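Accompanying notes for the structure given below.
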Amino acid sequence: MADVTDTQATPVISTGLPGLDQVLDGLRIGDNVVWRVTDLDDYRRFVTPFVASATAAGRQIIYLRFGQHEPLLAPAPGIRIIEVDARDGFESFTARIWELVETWGRGAFYVCDCLSDLLNAWATDTMVGYFFRVICPFLFELDTVAWFALLPQRHSRQTLDRIRATTQVMIDVHRADDDMQLQPVKVWQRQSPTMFLPHRYRDGEFIPVTDSSNATRLQAAIEQQAHASQQLLDGWDRLFLEAEECEAPDSDRARALVQRILQVLVSRDPRILALAEDYLSLDDLTGIHNRTIGSGYIGGKAVGMLLARAILTREDPDTWGSALDPHDSMFLASDVWYAFLVHNGLWPAIMKHRTREGFFDEAPALREAILQGEFPPEVRPELIRTLDHFGQYPILVRSSSLLEDGFGNAFAGKYESVFLINQGDPEQRLAALENAIRQVYASTMSEDALSYRRGRDLEDLEEPMALLIQRVNGRFHDHWYLPDAAAVGVSRNTFVWAPDMDPKAGMLRLVMGLGTRAVDRIQGDHAWVIALDQPLKQPFRNLEENYRFSQHLVDTLDVTGPGLTTTDLTTLVREAPSLPLERLGETDRAASQRARELGLDAPVWRLTFRPLIRQGEFIELAGRMLKTLERAYQHPVDVEFTVHLDNSEVPVRLNLVQCRPLATIGDSQPASLPERPDPRRLLMASEGRFMGGNINLAIHRIILVRAAEYSALDLNGKHQVAKLVGRLARQTPEHFNLMLAGPGRWGTSSPELGVPVGFADISRVSLLVEIADMGNGMVPDLSFGSHFFQDLVESGIAYVAIFPDQQDSTWNPDWLKHHAQQRHIDSLLQQDLPPAAIQDCVTVLECEGSPLRVLADVTRQRLVAGHF
């Protein structure tokens, strides 16, 4: 075994059979013994005397029971039987075995069920090999002796070779009729002239076959009976070969295969599995397999995209057969993630990370180790073939973890996505792809992702990271590459801004270029928000506001330069004259005239998307998509798609790249709002501009960032305020409902536009208030579809934007002087206090005795907060 060395003489351990001891020169402390058998009764034949000998010598036997076969041992003095369920997945099973070995410590002896039975739980024998590669060195380190069995005809040569390279002792047991042959194939650090010859087993004796003619005839008989050539296929490949050979798609056999494959390829969530069984055929599943690298789950993001496409084409084939572009994606399956960790020796660190105290503490070192890791040799050829498939089109490497984009846990924005321009020679392109994969893998150890998991009690669940590798939808405009438009759509508009709007109609955030600007909050820029029942109606008062709160910057890929790039619209129009601007925007006549007078480029375009909206087909398609998916999911949905505009018979085509259930709040009956509340009893009020549905919330503590003091700080000071807010939010008692109020946009990456907190800092907030401070340019953002918005919705955090200078908003800070008690920051934090100038920006207040009551009625689009 290459990973360990023997530095001291160790005692000889008996196998329980003197003849076998003579063949092997006995066993040594630290030996893992793998029996490759064709009949488990042969393994049992050797286990029984070993256990009898070990218990007689006072050794503790731990029988790890995880197989579906009959038990190898019965309860008896000196034998501890521990059952471990492998169906929870590789990580949970391996972690449980690791913990058991660690608990029993040095010197325990182990008997394990047949490793091949793990195939029934995992489908792939790749992870059987990696499980052994994790556990065998740990058993060796703790001075144990452990026995395992394998049915070699059920495994690939690669897995058998991996186990052989890791173990200390491997023995083949064969049968030809009644003739049983035993042949050691590996005995670490000992040998004899006949040790590795075949041995006939007769009446407890092991007789070496020293005649080559006899050995040849015996081997031929064994191979003919065992059909050894079948060992070339992994159990995973056998499963899909059986699926491809199934010619009757409606047969019981086909339905059984679909259920088997869904359990190991798609999900463990019963709701997702039910949807997949309804909409994914056996042909669909074999098609997915043909685009999958490795084995295991393709992850929630990939499943959501594929399921949504299947739903649309099944429910409305006439529309979506032509209006929906085919997907062009490859799937890096979850077992590759585990293979990467084991290959780089990171499993001990993963075990430390899984502990309560190590969950955050071990993450930084793990992240760095992942970024420096190497890929298993079997993976790199598949990555090369993936790049061959995409040619030199830009690609996007996206996270697709097992829990991601499911019911209740979207993980929106928690894991990274990486755009690759996919340029250069093959070696450069492969290096860039591998770096992108490492970057996404490493993002599993980010503080935001870990806080998200802990906040939802997910830290103990297996969360393998699969990846979705997609061709970026778009077209080349010289050195620029971008789609015509992209959008985030939600089937329920929980932020309608007019009383005659229907929340059930859904809404879009639409942008020109890459969809990054539709998903993320953008510094100083805005996606175009469309209520699908009134698509031309905007939440702004005049044309000037429409232009001001429109998109001025475009995210593109510069394939000759840095890749992902943000470019101002004017520059892009000048350098890419073939852009379909006449279908995406309108010319600003006044600005165009001024530009001509100054000798600048004209016309000046504004991205209002009105030509596309007025055409009607795009709005009709988007609405039909959202309604169809919500009906199938029986739940509101959140989708991402790109828009391809053409002059052909199909002028608008959509490319659906993501679909997930939308987390919603406020499904209760409307709260009873006072019709004409006393202004002196109001802290704030708003008509529209709030999210969360119906709200009836008691607020116990308020953290207020003061606009004037905050805007006077430099950049470093603003970041210190964000850090202080996070500390104060985290130490708020769990039974307190916390309101956070401040100028501009919470969670922005630009401190001049608001307070740049991370979601992990404020995940326990109950109500988030953004207050417009027009003098300093800090304006709330209607951030539908943004990752920050998704965090608010999933966490049950209500949101309201207050514009004090507008008639439909009220903000009365004097209320706080009379109804709330100020708490000094030094009494809450006590140590590591920031400078006084930072503390002066933040006020902490508590509503003692009579909490602040926040009431909202989503049907009437009214929100009030005060004492009622």
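Identifiers in the structure tokens: chain A, B, ... in order shown; residue index from 1 per chain; ligand index from 1 in order shown.
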Q: Please provide as number ranges by chain all residues within 10 Å of region 197-201 of chain A, with the sequence filter that same-chain residues fewer than 5 positions apart are discarded (counting only C-alpha atoms).
A: A: 19-20, 23, 172-175, 179-185, 192, 206-210, 212, 215, 218-219
**Q.** Distance query region 358-368 of chain A at most 12 Å, only C-alpha atoms, self and fewer than 2 positions along chain excluded, as a PyMOL selection string
**A.** chain A and resi 341+344-356+370-373+438-454+458-460
Print the selection's residues with N, CA and C atoms to a file, as a compact mmCIF listing (two decimals), in the first residue's frame.
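And here's again.txt as it stands now:
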```txt
# COMPACT_ATOMS: atom_id res chain seq x y z
N LEU A 341 -12.45 14.96 -3.58
CA LEU A 341 -12.06 15.11 -2.18
C LEU A 341 -11.15 13.97 -1.74
N ASN A 344 -7.62 13.92 -3.31
CA ASN A 344 -6.72 14.94 -2.76
C ASN A 344 -6.49 14.79 -1.26
N GLY A 345 -6.90 13.66 -0.70
CA GLY A 345 -6.64 13.39 0.72
C GLY A 345 -7.36 14.31 1.68
N LEU A 346 -8.57 14.79 1.29
CA LEU A 346 -9.27 15.80 2.09
C LEU A 346 -10.35 15.20 3.00
N TRP A 347 -10.51 13.87 2.99
CA TRP A 347 -11.59 13.32 3.79
C TRP A 347 -11.42 13.54 5.29
N PRO A 348 -10.22 13.38 5.86
CA PRO A 348 -10.08 13.70 7.29
C PRO A 348 -10.49 15.13 7.61
N ALA A 349 -10.17 16.08 6.74
CA ALA A 349 -10.57 17.47 6.97
C ALA A 349 -12.08 17.63 6.85
N ILE A 350 -12.70 16.88 5.93
CA ILE A 350 -14.16 16.92 5.80
C ILE A 350 -14.81 16.40 7.08
N MET A 351 -14.23 15.38 7.69
CA MET A 351 -14.79 14.84 8.93
C MET A 351 -14.69 15.86 10.07
N LYS A 352 -13.62 16.61 10.12
CA LYS A 352 -13.50 17.68 11.13
C LYS A 352 -14.51 18.79 10.84
N HIS A 353 -14.68 19.09 9.56
CA HIS A 353 -15.63 20.13 9.16
C HIS A 353 -17.06 19.75 9.54
N ARG A 354 -17.38 18.47 9.55
CA ARG A 354 -18.74 18.03 9.85
C ARG A 354 -19.12 18.18 11.32
N THR A 355 -18.16 18.42 12.19
CA THR A 355 -18.47 18.59 13.60
C THR A 355 -19.06 19.96 13.84
N ARG A 356 -19.76 20.10 14.96
CA ARG A 356 -20.40 21.38 15.29
C ARG A 356 -19.38 22.51 15.38
N ILE A 370 -9.12 22.83 -1.69
CA ILE A 370 -9.92 22.52 -2.87
C ILE A 370 -9.42 23.31 -4.07
N LEU A 371 -9.10 24.58 -3.87
CA LEU A 371 -8.61 25.41 -4.96
C LEU A 371 -7.28 24.92 -5.52
N GLN A 372 -6.52 24.18 -4.70
CA GLN A 372 -5.23 23.65 -5.15
C GLN A 372 -5.32 22.19 -5.57
N GLY A 373 -6.50 21.59 -5.52
CA GLY A 373 -6.64 20.16 -5.74
C GLY A 373 -6.44 19.75 -7.20
N ARG A 438 -12.99 23.97 -9.78
CA ARG A 438 -12.45 24.14 -8.43
C ARG A 438 -13.10 25.32 -7.72
N GLN A 439 -13.28 26.40 -8.46
CA GLN A 439 -13.86 27.61 -7.86
C GLN A 439 -15.28 27.34 -7.37
N VAL A 440 -16.08 26.63 -8.16
CA VAL A 440 -17.43 26.30 -7.71
C VAL A 440 -17.38 25.33 -6.54
N TYR A 441 -16.53 24.32 -6.62
CA TYR A 441 -16.38 23.39 -5.50
C TYR A 441 -16.01 24.14 -4.21
N ALA A 442 -15.06 25.06 -4.32
CA ALA A 442 -14.60 25.78 -3.13
C ALA A 442 -15.68 26.66 -2.54
N SER A 443 -16.64 27.08 -3.35
CA SER A 443 -17.70 27.95 -2.83
C SER A 443 -18.61 27.22 -1.85
N THR A 444 -18.54 25.89 -1.79
CA THR A 444 -19.31 25.16 -0.77
C THR A 444 -18.83 25.50 0.63
N MET A 445 -17.63 26.04 0.73
CA MET A 445 -17.05 26.38 2.03
C MET A 445 -17.14 27.88 2.33
N SER A 446 -17.94 28.62 1.56
CA SER A 446 -18.09 30.05 1.84
C SER A 446 -18.94 30.25 3.09
N GLU A 447 -18.73 31.37 3.76
CA GLU A 447 -19.48 31.65 4.99
C GLU A 447 -20.97 31.78 4.69
N ASP A 448 -21.32 32.39 3.56
CA ASP A 448 -22.73 32.54 3.21
C ASP A 448 -23.41 31.19 3.03
N ALA A 449 -22.73 30.27 2.31
CA ALA A 449 -23.32 28.95 2.07
C ALA A 449 -23.47 28.17 3.38
N LEU A 450 -22.45 28.25 4.22
CA LEU A 450 -22.50 27.51 5.49
C LEU A 450 -23.54 28.10 6.43
N SER A 451 -23.66 29.44 6.46
CA SER A 451 -24.69 30.08 7.29
C SER A 451 -26.08 29.68 6.81
N TYR A 452 -26.24 29.63 5.50
CA TYR A 452 -27.52 29.23 4.92
C TYR A 452 -27.88 27.81 5.38
N ARG A 453 -26.91 26.90 5.31
CA ARG A 453 -27.18 25.50 5.69
C ARG A 453 -27.49 25.41 7.18
N ARG A 454 -26.70 26.08 8.00
CA ARG A 454 -26.96 25.99 9.44
C ARG A 454 -28.29 26.64 9.79
N LEU A 458 -29.58 22.25 7.84
CA LEU A 458 -29.16 21.37 6.75
C LEU A 458 -27.71 20.91 6.90
N GLU A 459 -27.04 21.33 7.97
CA GLU A 459 -25.61 21.06 8.02
C GLU A 459 -25.29 19.58 8.17
N ASP A 460 -26.22 18.78 8.67
CA ASP A 460 -25.97 17.35 8.83
C ASP A 460 -26.43 16.54 7.63
```
Q.
DSSP on the backbone, strand (DSSP E or B) only: what residues of region 116-322 of chain A does that give? Format it as number ranges by chain.
A. A: 145-150, 169-176, 179-187, 199-202, 205-208, 292-293
Q.
Given only C-alpha atoms as the basis, pick out the residue of A:Glu597, A:Glu416, A:Glu752, A:Asp318 nearest to Ala707 (chain A).
A.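 Closest candidate: A:Glu752.
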(Q) Excluding Phe609 (chain A) and its own-chain neighbours fewer than 4 positions away, which residues fall within 10 Å of it when counting only C-alpha atoms? Please give them as a ChimeraX atom specification. (A) /A:485,510-512,528,530,536,550,581-586,613-614
Export, as a PDB file, in the first residue's frame, the selected residues with C-alpha atoms.
```pdb
ATOM      1  CA  ALA A 485     -32.049  39.550 -23.789  1.00  0.00           C
ATOM      2  CA  LEU A 510     -35.799  41.771 -18.153  1.00  0.00           C
ATOM      3  CA  VAL A 511     -32.353  42.902 -19.318  1.00  0.00           C
ATOM      4  CA  MET A 512     -30.348  43.123 -22.475  1.00  0.00           C
ATOM      5  CA  TRP A 528     -36.870  46.408 -16.464  1.00  0.00           C
ATOM      6  CA  ILE A 530     -42.773  43.816 -16.055  1.00  0.00           C
ATOM      7  CA  LEU A 536     -46.545  48.423 -20.135  1.00  0.00           C
ATOM      8  CA  SER A 550     -33.765  51.538 -16.690  1.00  0.00           C
ATOM      9  CA  LEU A 581     -31.990  47.485 -30.549  1.00  0.00           C
ATOM     10  CA  GLU A 582     -35.101  48.395 -32.496  1.00  0.00           C
ATOM     11  CA  ARG A 583     -36.855  45.462 -30.789  1.00  0.00           C
ATOM     12  CA  LEU A 584     -35.436  46.095 -27.292  1.00  0.00           C
ATOM     13  CA  GLY A 585     -35.558  49.828 -26.802  1.00  0.00           C
ATOM     14  CA  GLU A 586     -36.547  53.276 -27.927  1.00  0.00           C
ATOM     15  CA  ILE A 613     -43.696  44.021 -25.178  1.00  0.00           C
ATOM     16  CA  ARG A 614     -46.085  45.617 -27.679  1.00  0.00           C
TER      17      ARG A 614
END
```
Q. Please, what distance in Å, to one decimal, runs between CA of His719 (chain A) and CA of Pro756 (chain A)?
A. 6.6 Å
Which polymer residues have any atom within 6 Å of an atom of Pro661 (chain A), counting only C-alpha atoms, with same-chain residues fewer than 4 positions away left out, as a JSON list (two decimals) with N, CA and C atoms, in the first residue's frame?
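New file result_30.json:
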```json
[["chain", "number", "residue", "atom", "x", "y", "z"],
["A", 407, "PHE", "N", -37.65, 22.34, -3.21],
["A", 407, "PHE", "CA", -38.73, 22.95, -2.45],
["A", 407, "PHE", "C", -38.19, 23.45, -1.12],
["A", 636, "PRO", "N", -45.80, 28.09, -6.81],
["A", 636, "PRO", "CA", -45.19, 29.16, -7.60],
["A", 636, "PRO", "C", -43.75, 28.81, -7.97],
["A", 637, "VAL", "N", -43.32, 29.28, -9.14],
["A", 637, "VAL", "CA", -41.98, 28.96, -9.62],
["A", 637, "VAL", "C", -41.21, 30.23, -9.95]]
```
Distance query Thr566 (chain A) at most 9 Å, only C-alpha atoms, self and fewer than 4 positions along chain excluded, as an mmCIF file with all heavy atoms, in the first residue's frame:
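Generated file (around_14.cif):
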```
data_model
loop_
_atom_site.group_PDB
_atom_site.id
_atom_site.type_symbol
_atom_site.label_atom_id
_atom_site.label_comp_id
_atom_site.auth_asym_id
_atom_site.auth_seq_id
_atom_site.Cartn_x
_atom_site.Cartn_y
_atom_site.Cartn_z
ATOM 1 N N LEU A 553 -26.185 49.779 -18.397
ATOM 2 C CA LEU A 553 -24.982 48.965 -18.546
ATOM 3 C C LEU A 553 -25.395 47.555 -18.954
ATOM 4 O O LEU A 553 -26.441 47.052 -18.536
ATOM 5 C CB LEU A 553 -24.185 48.921 -17.241
ATOM 6 C CG LEU A 553 -23.758 50.279 -16.671
ATOM 7 C CD1 LEU A 553 -23.141 50.111 -15.288
ATOM 8 C CD2 LEU A 553 -22.767 50.956 -17.617
ATOM 9 N N VAL A 554 -24.542 46.904 -19.745
ATOM 10 C CA VAL A 554 -24.855 45.577 -20.276
ATOM 11 C C VAL A 554 -23.726 44.623 -19.921
ATOM 12 O O VAL A 554 -22.549 44.951 -20.111
ATOM 13 C CB VAL A 554 -25.042 45.628 -21.812
ATOM 14 C CG1 VAL A 554 -25.412 44.247 -22.352
ATOM 15 C CG2 VAL A 554 -26.094 46.661 -22.187
ATOM 16 N N ASP A 555 -24.091 43.448 -19.400
ATOM 17 C CA ASP A 555 -23.104 42.399 -19.132
ATOM 18 C C ASP A 555 -22.926 41.564 -20.393
ATOM 19 O O ASP A 555 -23.899 41.057 -20.969
ATOM 20 C CB ASP A 555 -23.557 41.508 -17.982
ATOM 21 C CG ASP A 555 -23.345 42.163 -16.631
ATOM 22 O OD1 ASP A 555 -22.762 43.266 -16.604
ATOM 23 O OD2 ASP A 555 -23.752 41.583 -15.608
ATOM 24 N N THR A 556 -21.675 41.452 -20.826
ATOM 25 C CA THR A 556 -21.345 40.695 -22.029
ATOM 26 C C THR A 556 -20.107 39.848 -21.756
ATOM 27 O O THR A 556 -19.468 39.962 -20.704
ATOM 28 C CB THR A 556 -21.046 41.623 -23.214
ATOM 29 O OG1 THR A 556 -19.813 42.324 -22.944
ATOM 30 C CG2 THR A 556 -22.148 42.633 -23.437
ATOM 31 N N LEU A 557 -19.759 39.019 -22.717
ATOM 32 C CA LEU A 557 -18.478 38.309 -22.701
ATOM 33 C C LEU A 557 -17.600 38.894 -23.795
ATOM 34 O O LEU A 557 -18.002 38.930 -24.967
ATOM 35 C CB LEU A 557 -18.687 36.812 -22.920
ATOM 36 C CG LEU A 557 -19.441 36.072 -21.822
ATOM 37 C CD1 LEU A 557 -19.702 34.630 -22.224
ATOM 38 C CD2 LEU A 557 -18.675 36.121 -20.505
#
```
Q) When DSSP works through the backbone of this structure, what residues of region 701-864 of chain A end up as alpha helix (DSSP H), shown as a PyMOL selection string? A) chain A and resi 707-711+715-730+787-794+814-819+825-829+836-839
Output of the above residues as a short mmCIF file (atom, residue, chain, number, x, y, z; two decimals), in the first residue's frame, restricted to N, CA and C atoms:
```cif
data_model
loop_
_atom_site.label_atom_id
_atom_site.label_comp_id
_atom_site.auth_asym_id
_atom_site.auth_seq_id
_atom_site.Cartn_x
_atom_site.Cartn_y
_atom_site.Cartn_z
N ALA A 707 -28.96 57.98 8.10
CA ALA A 707 -28.53 58.30 6.74
C ALA A 707 -27.45 59.38 6.71
N ALA A 708 -27.66 60.48 7.42
CA ALA A 708 -26.72 61.61 7.33
C ALA A 708 -25.33 61.20 7.81
N GLU A 709 -25.27 60.54 8.98
CA GLU A 709 -23.99 60.13 9.53
C GLU A 709 -23.32 59.08 8.65
N TYR A 710 -24.14 58.17 8.09
CA TYR A 710 -23.57 57.10 7.26
C TYR A 710 -22.98 57.67 5.98
N SER A 711 -23.70 58.59 5.33
CA SER A 711 -23.24 59.12 4.05
C SER A 711 -21.96 59.94 4.21
N LEU A 715 -15.23 55.02 2.50
CA LEU A 715 -15.58 53.64 2.11
C LEU A 715 -15.30 52.65 3.23
N ASN A 716 -14.16 52.77 3.87
CA ASN A 716 -13.82 51.85 4.95
C ASN A 716 -14.81 51.98 6.10
N GLY A 717 -15.20 53.21 6.41
CA GLY A 717 -16.16 53.42 7.48
C GLY A 717 -17.50 52.79 7.19
N LYS A 718 -17.93 52.87 5.94
CA LYS A 718 -19.22 52.26 5.58
C LYS A 718 -19.17 50.73 5.75
N HIS A 719 -18.04 50.13 5.40
CA HIS A 719 -17.92 48.68 5.60
C HIS A 719 -17.89 48.34 7.09
N GLN A 720 -17.30 49.20 7.89
CA GLN A 720 -17.32 48.96 9.34
C GLN A 720 -18.74 49.03 9.90
N VAL A 721 -19.55 49.93 9.36
CA VAL A 721 -20.96 50.00 9.78
C VAL A 721 -21.67 48.68 9.44
N ALA A 722 -21.43 48.17 8.24
CA ALA A 722 -22.05 46.89 7.84
C ALA A 722 -21.63 45.77 8.80
N LYS A 723 -20.37 45.76 9.16
CA LYS A 723 -19.88 44.73 10.09
C LYS A 723 -20.54 44.89 11.47
N LEU A 724 -20.68 46.14 11.92
CA LEU A 724 -21.32 46.40 13.22
C LEU A 724 -22.79 45.95 13.19
N VAL A 725 -23.49 46.24 12.11
CA VAL A 725 -24.88 45.81 11.99
C VAL A 725 -24.98 44.30 12.09
N GLY A 726 -24.08 43.60 11.42
CA GLY A 726 -24.09 42.15 11.47
C GLY A 726 -23.87 41.63 12.88
N ARG A 727 -22.94 42.22 13.61
CA ARG A 727 -22.67 41.78 14.99
C ARG A 727 -23.90 42.02 15.87
N LEU A 728 -24.53 43.18 15.72
CA LEU A 728 -25.70 43.48 16.53
C LEU A 728 -26.87 42.56 16.19
N ALA A 729 -27.02 42.25 14.90
CA ALA A 729 -28.12 41.36 14.51
C ALA A 729 -27.90 39.96 15.06
N ARG A 730 -26.67 39.48 15.01
CA ARG A 730 -26.40 38.11 15.48
C ARG A 730 -26.59 37.94 16.97
N HIS A 787 -30.66 37.46 -5.88
CA HIS A 787 -30.33 36.49 -4.85
C HIS A 787 -30.68 37.03 -3.46
N PHE A 788 -30.48 38.33 -3.26
CA PHE A 788 -30.80 38.91 -1.96
C PHE A 788 -32.31 38.82 -1.71
N PHE A 789 -33.08 39.10 -2.75
CA PHE A 789 -34.53 38.99 -2.63
C PHE A 789 -34.94 37.55 -2.31
N GLN A 790 -34.32 36.59 -2.99
CA GLN A 790 -34.66 35.20 -2.75
C GLN A 790 -34.35 34.82 -1.30
N ASP A 791 -33.25 35.33 -0.78
CA ASP A 791 -32.91 35.08 0.63
C ASP A 791 -33.99 35.61 1.55
N LEU A 792 -34.48 36.82 1.26
CA LEU A 792 -35.53 37.40 2.10
C LEU A 792 -36.77 36.53 2.09
N VAL A 793 -37.17 36.11 0.90
CA VAL A 793 -38.40 35.34 0.78
C VAL A 793 -38.27 34.00 1.49
N GLU A 794 -37.16 33.28 1.21
CA GLU A 794 -36.98 31.95 1.80
C GLU A 794 -36.91 32.02 3.32
N ASP A 814 -39.93 60.34 14.56
CA ASP A 814 -40.26 60.85 15.90
C ASP A 814 -41.01 59.80 16.73
N TRP A 815 -41.67 58.88 16.05
CA TRP A 815 -42.38 57.81 16.76
C TRP A 815 -41.42 57.05 17.68
N LEU A 816 -40.19 56.86 17.20
CA LEU A 816 -39.21 56.08 17.95
C LEU A 816 -38.85 56.76 19.28
N LYS A 817 -38.89 58.11 19.30
CA LYS A 817 -38.53 58.82 20.52
C LYS A 817 -39.52 58.55 21.64
N HIS A 818 -40.76 58.30 21.28
CA HIS A 818 -41.82 58.17 22.28
C HIS A 818 -42.20 56.72 22.58
N HIS A 819 -41.86 55.79 21.70
CA HIS A 819 -42.36 54.43 21.86
C HIS A 819 -41.25 53.38 21.91
N ILE A 825 -24.76 50.68 22.49
CA ILE A 825 -24.06 49.60 21.79
C ILE A 825 -23.04 48.93 22.69
N ASP A 826 -22.36 49.71 23.57
CA ASP A 826 -21.34 49.10 24.43
C ASP A 826 -21.96 48.13 25.44
N SER A 827 -23.25 48.31 25.75
CA SER A 827 -23.90 47.36 26.66
C SER A 827 -24.29 46.08 25.96
N LEU A 828 -24.35 46.11 24.62
CA LEU A 828 -24.72 44.92 23.86
C LEU A 828 -23.51 44.12 23.41
N LEU A 829 -22.43 44.82 23.05
CA LEU A 829 -21.26 44.12 22.52
C LEU A 829 -20.15 43.98 23.54
N ALA A 836 -16.04 55.65 17.67
CA ALA A 836 -17.27 56.37 18.01
C ALA A 836 -18.02 56.83 16.76
N ALA A 837 -17.28 57.24 15.72
CA ALA A 837 -17.94 57.71 14.50
C ALA A 837 -18.77 56.60 13.85
N ILE A 838 -18.32 55.36 14.01
CA ILE A 838 -19.07 54.22 13.46
C ILE A 838 -20.29 53.95 14.33
N GLN A 839 -20.11 53.97 15.65
CA GLN A 839 -21.23 53.74 16.56
C GLN A 839 -22.32 54.80 16.38
#
```
**Q.** Nearby residues (only C-alpha atoms) at most 10 Å from Asn737 (chain A), same-chain spacing under 3 positions excluded, as a PyMOL selection string
**A.** chain A and resi 697-702+732-734+764-767+851-852
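CA of Gln830 (chain A) sits 23.4 Å away from CA of Leu713 (chain A).
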Q) Separation of CA of Ala54 (chain A) and CA of Arg106 (chain A), in Å? A) 15.0 Å
Q. Which residues, written as JSON, numbers by chain, have at least one atom at most 10 Å from Ala498 (chain A), with only C-alpha atoms counted and residues fewer than 6 positions away on the same chain left out?
A. {"A": [534, 537, 538, 539, 687, 688, 689, 860, 861]}
Write out the residues from the selection above, keeping all heavy atoms, as a compact mmCIF listing (two decimals), in the first residue's frame.
```
# COMPACT_ATOMS: atom_id res chain seq x y z
N GLN A 534 -50.15 43.61 -16.82
CA GLN A 534 -50.11 44.99 -17.33
C GLN A 534 -48.67 45.31 -17.70
O GLN A 534 -47.99 46.09 -17.03
CB GLN A 534 -50.66 45.97 -16.29
CG GLN A 534 -52.10 45.70 -15.89
CD GLN A 534 -52.68 46.81 -15.04
OE1 GLN A 534 -52.59 47.99 -15.38
NE2 GLN A 534 -53.27 46.42 -13.92
N LYS A 537 -47.18 48.92 -17.83
CA LYS A 537 -47.34 49.79 -16.68
C LYS A 537 -46.12 49.68 -15.78
O LYS A 537 -45.74 48.61 -15.33
CB LYS A 537 -48.59 49.39 -15.90
CG LYS A 537 -48.98 50.38 -14.80
CD LYS A 537 -50.35 50.06 -14.26
CE LYS A 537 -50.84 51.15 -13.34
NZ LYS A 537 -52.25 50.93 -12.92
N GLN A 538 -45.50 50.84 -15.51
CA GLN A 538 -44.29 50.87 -14.70
C GLN A 538 -44.56 51.56 -13.36
O GLN A 538 -45.48 52.38 -13.25
CB GLN A 538 -43.17 51.62 -15.44
CG GLN A 538 -42.58 50.85 -16.61
CD GLN A 538 -41.85 49.61 -16.14
OE1 GLN A 538 -40.96 49.67 -15.32
NE2 GLN A 538 -42.25 48.46 -16.69
N PRO A 539 -43.74 51.25 -12.33
CA PRO A 539 -43.97 51.85 -11.01
C PRO A 539 -43.39 53.26 -10.90
O PRO A 539 -43.09 53.72 -9.80
CB PRO A 539 -43.24 50.89 -10.08
CG PRO A 539 -42.14 50.33 -10.90
CD PRO A 539 -42.68 50.24 -12.30
N GLU A 687 -48.14 52.28 0.42
CA GLU A 687 -49.08 51.68 -0.51
C GLU A 687 -48.25 51.01 -1.60
O GLU A 687 -47.65 51.67 -2.44
CB GLU A 687 -50.00 52.75 -1.10
CG GLU A 687 -50.92 53.38 -0.07
CD GLU A 687 -51.87 54.40 -0.67
OE1 GLU A 687 -51.98 54.40 -1.92
OE2 GLU A 687 -52.46 55.18 0.07
N GLY A 688 -48.24 49.68 -1.55
CA GLY A 688 -47.34 48.94 -2.43
C GLY A 688 -45.92 49.01 -1.90
O GLY A 688 -45.66 49.39 -0.75
N ARG A 689 -44.97 48.61 -2.71
CA ARG A 689 -43.54 48.65 -2.38
C ARG A 689 -43.22 47.83 -1.13
O ARG A 689 -42.38 48.21 -0.33
CB ARG A 689 -43.07 50.09 -2.20
CG ARG A 689 -43.16 50.93 -3.47
CD ARG A 689 -42.36 52.23 -3.30
NE ARG A 689 -42.35 52.99 -4.53
CZ ARG A 689 -42.98 54.14 -4.71
NH1 ARG A 689 -43.71 54.64 -3.73
NH2 ARG A 689 -42.91 54.78 -5.85
N ARG A 860 -54.91 44.54 -0.86
CA ARG A 860 -55.15 45.99 -0.92
C ARG A 860 -53.84 46.76 -1.10
O ARG A 860 -53.86 47.98 -1.27
CB ARG A 860 -55.84 46.45 0.36
CG ARG A 860 -57.20 45.77 0.57
CD ARG A 860 -57.73 46.02 1.96
NE ARG A 860 -57.97 47.44 2.19
CZ ARG A 860 -58.25 47.97 3.38
NH1 ARG A 860 -58.32 47.18 4.45
NH2 ARG A 860 -58.47 49.26 3.51
N GLN A 861 -52.73 46.06 -1.03
CA GLN A 861 -51.42 46.67 -1.21
C GLN A 861 -51.18 47.82 -0.23
O GLN A 861 -50.73 48.91 -0.60
CB GLN A 861 -51.22 47.13 -2.65
CG GLN A 861 -50.87 45.99 -3.59
CD GLN A 861 -49.55 45.32 -3.21
OE1 GLN A 861 -48.48 45.90 -3.31
NE2 GLN A 861 -49.63 44.07 -2.74
```
Q. Pick from A:Ala121, A:Leu629, A:Leu433, A:Met684: nearest to Phe803 (chain A), with only C-alpha atoms counted?
A. A:Met684
